[in-house]
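Asks: Below is the file final-v8.cif, which contains mmCIF, C-alpha atoms.
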```cif
data_work
loop_
_atom_site.label_atom_id
_atom_site.label_comp_id
_atom_site.auth_asym_id
_atom_site.auth_seq_id
_atom_site.Cartn_x
_atom_site.Cartn_y
_atom_site.Cartn_z
CA MET O 1 21.30 -54.52 -62.82
CA ALA O 2 17.81 -55.63 -63.84
CA GLY O 3 17.90 -58.48 -61.34
CA TYR O 4 19.16 -56.13 -58.65
CA LEU O 5 16.30 -53.68 -59.24
CA GLN O 6 13.78 -56.51 -59.30
CA GLY O 7 15.07 -57.67 -55.93
CA ILE O 8 14.61 -54.18 -54.49
CA VAL O 9 11.04 -53.96 -55.83
CA THR O 10 10.18 -57.42 -54.51
CA GLY O 11 11.66 -56.59 -51.13
CA ALA O 12 9.71 -53.35 -50.94
CA ALA O 13 6.49 -55.18 -51.79
CA LEU O 14 7.11 -57.70 -49.03
CA VAL O 15 7.78 -54.94 -46.52
CA GLY O 16 4.57 -53.19 -47.59
CA MET O 17 2.57 -56.41 -47.17
CA ALA O 18 4.07 -56.95 -43.73
CA VAL O 19 3.19 -53.41 -42.61
CA THR O 20 -0.38 -53.89 -43.91
CA LEU O 21 -0.76 -57.16 -42.02
CA ILE O 22 0.60 -55.63 -38.80
CA ALA O 23 -1.82 -52.68 -39.10
CA ALA O 24 -4.74 -55.00 -39.79
CA ASN O 25 -3.94 -57.13 -36.75
CA ARG O 26 -3.25 -54.18 -34.44
CA PRO O 27 -6.06 -53.85 -31.86
CA GLN O 28 -8.24 -50.78 -32.45
CA PRO O 29 -9.12 -48.49 -29.52
CA LYS O 30 -12.65 -49.02 -28.26
CA VAL O 31 -12.76 -45.87 -26.16
CA LEU O 32 -11.31 -42.46 -27.02
CA ASP O 33 -11.08 -39.92 -24.20
CA VAL O 34 -10.58 -36.35 -25.42
CA GLU O 35 -11.58 -32.84 -24.35
CA ARG O 36 -12.08 -31.42 -27.85
CA ILE O 37 -12.14 -32.62 -31.47
CA ASN O 38 -11.78 -30.29 -34.47
CA VAL O 39 -13.11 -31.73 -37.75
CA ARG O 40 -11.47 -30.15 -40.81
CA GLU O 41 -11.64 -30.41 -44.59
CA PRO O 42 -8.47 -31.46 -46.47
CA ASP O 43 -7.64 -27.77 -47.03
CA GLY O 44 -7.76 -27.13 -43.28
CA THR O 45 -11.18 -25.43 -43.15
CA LEU O 46 -12.81 -26.08 -39.78
CA ARG O 47 -16.27 -27.66 -40.22
CA MET O 48 -17.25 -28.96 -36.78
CA VAL O 49 -16.07 -28.79 -33.17
CA ILE O 50 -16.98 -31.39 -30.55
CA ALA O 51 -16.04 -30.28 -27.07
CA GLY O 52 -16.69 -30.53 -23.38
CA ARG O 53 -17.84 -27.56 -21.34
CA ASP O 54 -14.43 -26.15 -20.43
CA ASN O 55 -13.14 -26.35 -24.01
CA PHE O 56 -16.25 -25.27 -25.89
CA PRO O 57 -15.26 -22.74 -28.58
CA GLY O 58 -16.42 -19.22 -29.28
CA SER O 59 -18.00 -18.06 -32.53
CA PHE O 60 -16.20 -18.41 -35.86
CA PHE O 61 -16.14 -16.08 -38.87
CA LYS O 62 -14.28 -17.33 -41.94
CA GLY O 63 -12.09 -19.58 -39.84
CA LYS O 64 -11.20 -17.00 -37.19
CA GLU O 65 -12.46 -17.50 -33.65
CA ILE O 66 -14.26 -14.86 -31.60
CA ALA O 67 -13.92 -15.38 -27.85
CA ARG O 68 -17.22 -16.25 -26.11
CA PRO O 69 -16.65 -16.83 -22.37
CA ASP O 70 -20.44 -16.95 -21.98
CA ARG O 71 -20.47 -20.31 -23.75
CA ARG O 72 -18.51 -22.21 -21.12
CA HIS O 73 -21.62 -23.61 -19.45
CA ALA O 74 -22.42 -26.54 -21.76
CA ALA O 75 -20.83 -29.29 -23.81
CA GLY O 76 -21.77 -29.84 -27.42
CA LEU O 77 -21.13 -29.57 -31.12
CA LEU O 78 -20.59 -26.41 -33.18
CA PHE O 79 -21.38 -26.50 -36.91
CA LEU O 80 -19.48 -24.36 -39.44
CA ASN O 81 -20.24 -23.76 -43.12
CA ASP O 82 -17.96 -24.18 -46.15
CA GLU O 83 -16.26 -20.86 -45.35
CA GLY O 84 -15.51 -21.72 -41.73
CA THR O 85 -18.31 -19.54 -40.32
CA GLU O 86 -20.62 -20.72 -37.55
CA ASN O 87 -24.05 -21.85 -38.73
CA GLY O 88 -25.60 -23.76 -35.85
CA GLY O 89 -24.93 -26.22 -33.09
CA LEU O 90 -26.08 -28.60 -30.42
CA ILE O 91 -25.47 -27.97 -26.72
CA TRP O 92 -26.57 -29.67 -23.51
CA ALA O 93 -26.05 -29.26 -19.77
CA GLY O 94 -27.62 -30.34 -16.52
CA LYS O 95 -26.94 -30.25 -12.81
CA LYS O 96 -28.42 -29.58 -9.39
CA GLY O 97 -27.38 -26.49 -7.50
CA GLU O 98 -26.28 -26.40 -3.88
CA ASN O 99 -29.92 -25.87 -2.90
CA GLY O 100 -30.98 -28.94 -4.89
CA ALA O 101 -32.62 -26.92 -7.67
CA VAL O 102 -32.46 -28.51 -11.12
CA ASN O 103 -30.91 -26.53 -13.97
CA ALA O 104 -30.76 -28.56 -17.16
CA GLY O 105 -31.52 -28.39 -20.84
CA ALA O 106 -30.51 -28.86 -24.45
CA SER O 107 -30.71 -26.82 -27.65
CA LEU O 108 -30.28 -27.66 -31.34
CA THR O 109 -30.06 -24.62 -33.62
CA PHE O 110 -29.65 -23.85 -37.32
CA ASP O 111 -28.50 -20.38 -38.36
CA ARG O 112 -29.13 -18.15 -41.32
CA PHE O 113 -25.97 -17.50 -43.38
CA GLU O 114 -23.65 -15.29 -41.29
CA ASN O 115 -26.50 -14.54 -38.90
CA ASP O 116 -28.26 -16.04 -35.90
CA GLN O 117 -30.58 -18.99 -35.48
CA THR O 118 -33.75 -19.32 -37.53
CA LEU O 119 -34.74 -22.75 -36.21
CA GLN O 120 -34.34 -24.02 -32.66
CA LEU O 121 -35.39 -27.15 -30.82
CA ILE O 122 -35.11 -26.42 -27.12
CA GLN O 123 -35.73 -28.20 -23.83
CA ARG O 124 -35.27 -26.53 -20.45
CA ASP O 125 -35.80 -28.15 -17.06
CA MET O 126 -35.91 -26.18 -13.82
CA GLY O 127 -37.41 -28.87 -11.62
CA GLU O 128 -40.93 -27.68 -10.89
CA LYS O 129 -41.14 -25.98 -14.28
CA ASP O 130 -39.92 -27.06 -17.69
CA ILE O 131 -40.38 -26.17 -21.34
CA ALA O 132 -39.99 -28.06 -24.63
CA ALA O 133 -40.53 -26.33 -27.95
CA MET O 134 -39.69 -25.61 -31.56
CA ILE O 135 -39.03 -21.92 -32.21
CA ILE O 136 -38.82 -20.39 -35.69
CA SER O 137 -37.26 -16.93 -35.93
CA ASP O 138 -36.94 -14.27 -38.61
CA ARG O 139 -33.40 -12.98 -39.26
CA PRO O 140 -32.12 -10.30 -41.67
CA GLY O 141 -30.00 -11.25 -44.65
CA GLU O 142 -27.11 -9.02 -43.58
CA THR O 143 -24.09 -10.40 -41.76
CA MET O 144 -23.83 -10.23 -37.99
CA PHE O 145 -20.03 -10.20 -38.21
CA ALA O 146 -17.51 -7.47 -38.97
CA MET O 147 -13.73 -7.09 -39.07
CA GLU O 148 -11.67 -4.74 -36.93
CA GLY O 149 -8.35 -4.95 -38.70
CA ASP O 150 -7.63 -8.66 -38.87
CA LYS O 151 -9.84 -9.44 -35.87
CA PRO O 152 -13.47 -10.62 -36.36
CA ILE O 153 -16.16 -9.26 -34.05
CA ILE O 154 -19.90 -9.67 -33.56
CA ARG O 155 -21.66 -6.39 -34.26
CA ASP O 156 -23.83 -4.77 -31.58
CA ALA O 157 -27.45 -5.92 -31.90
CA ALA O 158 -26.10 -7.89 -34.81
CA SER O 159 -28.60 -10.67 -35.30
CA GLY O 160 -31.74 -8.55 -35.40
CA GLY O 161 -35.02 -10.20 -36.25
CA ALA O 162 -37.36 -11.85 -33.77
CA PRO O 163 -39.06 -15.17 -32.94
CA ARG O 164 -42.12 -15.67 -35.15
CA VAL O 165 -43.47 -19.15 -34.31
CA PHE O 166 -43.55 -21.13 -31.05
CA VAL O 167 -44.86 -24.69 -30.93
CA GLY O 168 -44.50 -26.57 -27.69
CA LYS O 169 -45.27 -26.96 -24.01
CA SER O 170 -45.10 -23.79 -21.94
CA MET O 171 -43.86 -23.25 -18.38
CA ASP O 172 -47.43 -23.52 -17.09
CA ARG O 173 -47.77 -26.93 -18.82
CA ALA O 174 -50.08 -25.73 -21.56
CA SER O 175 -49.82 -26.94 -25.15
CA VAL O 176 -49.28 -23.79 -27.22
CA VAL O 177 -49.03 -22.69 -30.82
CA MET O 178 -48.09 -19.00 -30.85
CA LEU O 179 -47.66 -16.75 -33.89
CA GLN O 180 -45.77 -13.47 -33.49
CA ASP O 181 -45.32 -10.34 -35.58
CA GLN O 182 -42.01 -9.06 -36.96
CA THR O 183 -41.14 -7.47 -33.61
CA GLY O 184 -41.73 -10.71 -31.71
CA VAL O 185 -45.02 -9.66 -30.09
CA PRO O 186 -47.56 -12.56 -29.86
CA ARG O 187 -50.61 -11.85 -32.04
CA LEU O 188 -52.40 -15.21 -32.27
CA MET O 189 -52.36 -18.12 -29.82
CA LEU O 190 -53.89 -21.58 -29.83
CA ARG O 191 -53.81 -23.00 -26.33
CA VAL O 192 -54.86 -26.14 -24.44
CA ASP O 193 -54.41 -25.97 -20.67
CA PRO O 194 -53.57 -28.98 -18.45
CA ASP O 195 -57.21 -29.29 -17.38
CA GLY O 196 -58.30 -29.64 -21.03
CA SER O 197 -59.78 -26.17 -21.49
CA SER O 198 -58.89 -24.69 -24.86
CA ALA O 199 -59.07 -21.34 -26.64
CA ILE O 200 -57.93 -19.27 -29.59
CA GLU O 201 -56.64 -15.87 -28.48
CA PHE O 202 -56.14 -12.73 -30.57
CA LEU O 203 -53.71 -10.14 -29.23
CA ASP O 204 -52.96 -6.51 -30.06
CA SER O 205 -49.60 -4.87 -30.76
CA THR O 206 -48.83 -4.74 -27.03
CA GLY O 207 -49.47 -8.46 -26.52
CA LYS O 208 -52.80 -7.90 -24.75
CA VAL O 209 -55.60 -10.38 -25.45
CA VAL O 210 -58.42 -8.55 -27.26
CA ARG O 211 -60.58 -11.49 -28.27
CA THR O 212 -60.95 -15.11 -27.17
CA ILE O 213 -62.78 -17.89 -28.97
CA GLY O 214 -63.59 -20.97 -26.90
CA PRO O 215 -65.11 -24.34 -27.81
CA GLU O 216 -68.59 -22.82 -27.72
CA GLY O 217 -67.65 -19.98 -30.06
#
```
Can you present the structure in this file as structure tokens?
Replies:
Amino acid sequence: MAGYLQGIVTGAALVGMAVTLIAANRPQPKVLDVERINVREPDGTLRMVIAGRDNFPGSFFKGKEIARPDRRHAAGLLFLNDEGTENGGLIWAGKKGENGAVNAGASLTFDRFENDQTLQLIQRDMGEKDIAAMIISDRPGETMFAMEGDKPIIRDAASGGAPRVFVGKSMDRASVVMLQDQTGVPRLMLRVDPDGSSAIEFLDSTGKVVRTIGPEG
């Protein structure tokens, strides 16, 4: 019996070695064509989605998806936190319309927990005009999600907050650093125009310039 069992063990080991050698020698794919990839933790929690435009997902709250037809304009990556809730992403798109007008851009965002983006790197190209900037926003600590029965929804005016800092190149090709109040109204602006002229502008609560300081004071 002992010899019989030893033969079985030896045979199993040989089979295992053969399978390993076959797997090692099997050619690996160099190109993988897919429309969507879901990256999950061992427990099944969704952590990232990589998808083309037509298969880009909606929002996620604790692993449950909220339909977002408005997102079907770009390909990209969607990031989800440890609980399976959206917390940022990277999207990009670009094409010319029938009239030849350019419509392209990309955006990388990072969200506050269960709320909207607090940091965004954005580039937008419309042919004759384009913008590239970093935008920092203020968001409330409360969740932007809610449950209706077993269905997650995004609450009306859920994200709240406002952009507070803009650093970048504006549509009129000026280099701009803009600081905004808690409602998003610009209150202080450092600006260098394409021709080299520069100024520091102070604005009131309506966004109107009330004082300008130039190079000469």
Asks: At a cut-off of 7 Å, using only C-alpha atoms, what residues contact region 93-105 of chain O? Leave out same-chain residues fewer than 2 positions from it and give the result as a ChimeraX atom specification.
Replies: /O:74-75,123-127
Asks: Under the rule that only C-alpha atoms are counted, which of O:Asp70, O:Glu65, O:Asp138, O:Asp150 is the nearest residue to Val165 (chain O)?
Replies: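 Closest residue, counting only C-alpha atoms: O:Asp138.
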Asks: Of the candidates O:Arg191, O:Gly160, O:Val49, O:Leu108, which one gets nearest to Met144 (chain O) if we count only C-alpha atoms?
Replies: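 Checking each of O:Arg191, O:Gly160, O:Val49, O:Leu108 against Met144 (chain O), counting only C-alpha atoms, the winner is O:Gly160.
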Asks: Which residues, named as in the file, does the PyMOL selection byres ((chain O and resi 214) around 12) pick out? Answer as a PyMOL selection string.
Replies: chain O and resi 189-192+196-202+211-213+215-217
Asks: Have a look at O:Pro152, O:Gly168, O:Gly184, O:Gly76 and name the one nearest to Ser137 (chain O); count all atoms listed in the file.
Replies: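 Smallest distance to Ser137 (chain O) is found for O:Gly184.
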Asks: Taking 6 positions as the minimum chain separation for residues in the same chain, which residues sit within 12 Å of Val39 (chain O) when counting only C-alpha atoms? Answer as a list of chain:residue names.
Replies: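 My list of contacting residues is O:Thr45, O:Leu46, O:Arg47, O:Met48, O:Val49, O:Ile50, O:Ala51, O:Leu77, O:Leu78, O:Phe79, O:Leu80, O:Asn81, O:Gly84.
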Asks: Dump C-alpha atoms for the selected residues as a PDB file, in the frame of the given file?
Replies:
```
ATOM      1  CA  THR O  45     -11.180 -25.430 -43.150  1.00  0.00           C
ATOM      2  CA  LEU O  46     -12.810 -26.080 -39.780  1.00  0.00           C
ATOM      3  CA  ARG O  47     -16.270 -27.660 -40.220  1.00  0.00           C
ATOM      4  CA  MET O  48     -17.250 -28.960 -36.780  1.00  0.00           C
ATOM      5  CA  VAL O  49     -16.070 -28.790 -33.170  1.00  0.00           C
ATOM      6  CA  ILE O  50     -16.980 -31.390 -30.550  1.00  0.00           C
ATOM      7  CA  ALA O  51     -16.040 -30.280 -27.070  1.00  0.00           C
ATOM      8  CA  LEU O  77     -21.130 -29.570 -31.120  1.00  0.00           C
ATOM      9  CA  LEU O  78     -20.590 -26.410 -33.180  1.00  0.00           C
ATOM     10  CA  PHE O  79     -21.380 -26.500 -36.910  1.00  0.00           C
ATOM     11  CA  LEU O  80     -19.480 -24.360 -39.440  1.00  0.00           C
ATOM     12  CA  ASN O  81     -20.240 -23.760 -43.120  1.00  0.00           C
ATOM     13  CA  GLY O  84     -15.510 -21.720 -41.730  1.00  0.00           C
TER      14      GLY O  84
END
```
Asks: What is the distance between CA of Asp181 (chain O) and CA of Arg164 (chain O), in Å to one decimal?
Replies: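 Computing the Euclidean distance for CA of Asp181 (chain O) and CA of Arg164 (chain O) yields 6.2 Å.
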Asks: Can you measure CA of Val185 (chain O) to CA of Met134 (chain O) for me? One decimal in Å is fine.
Replies: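 CA of Val185 (chain O) sits 16.9 Å away from CA of Met134 (chain O).
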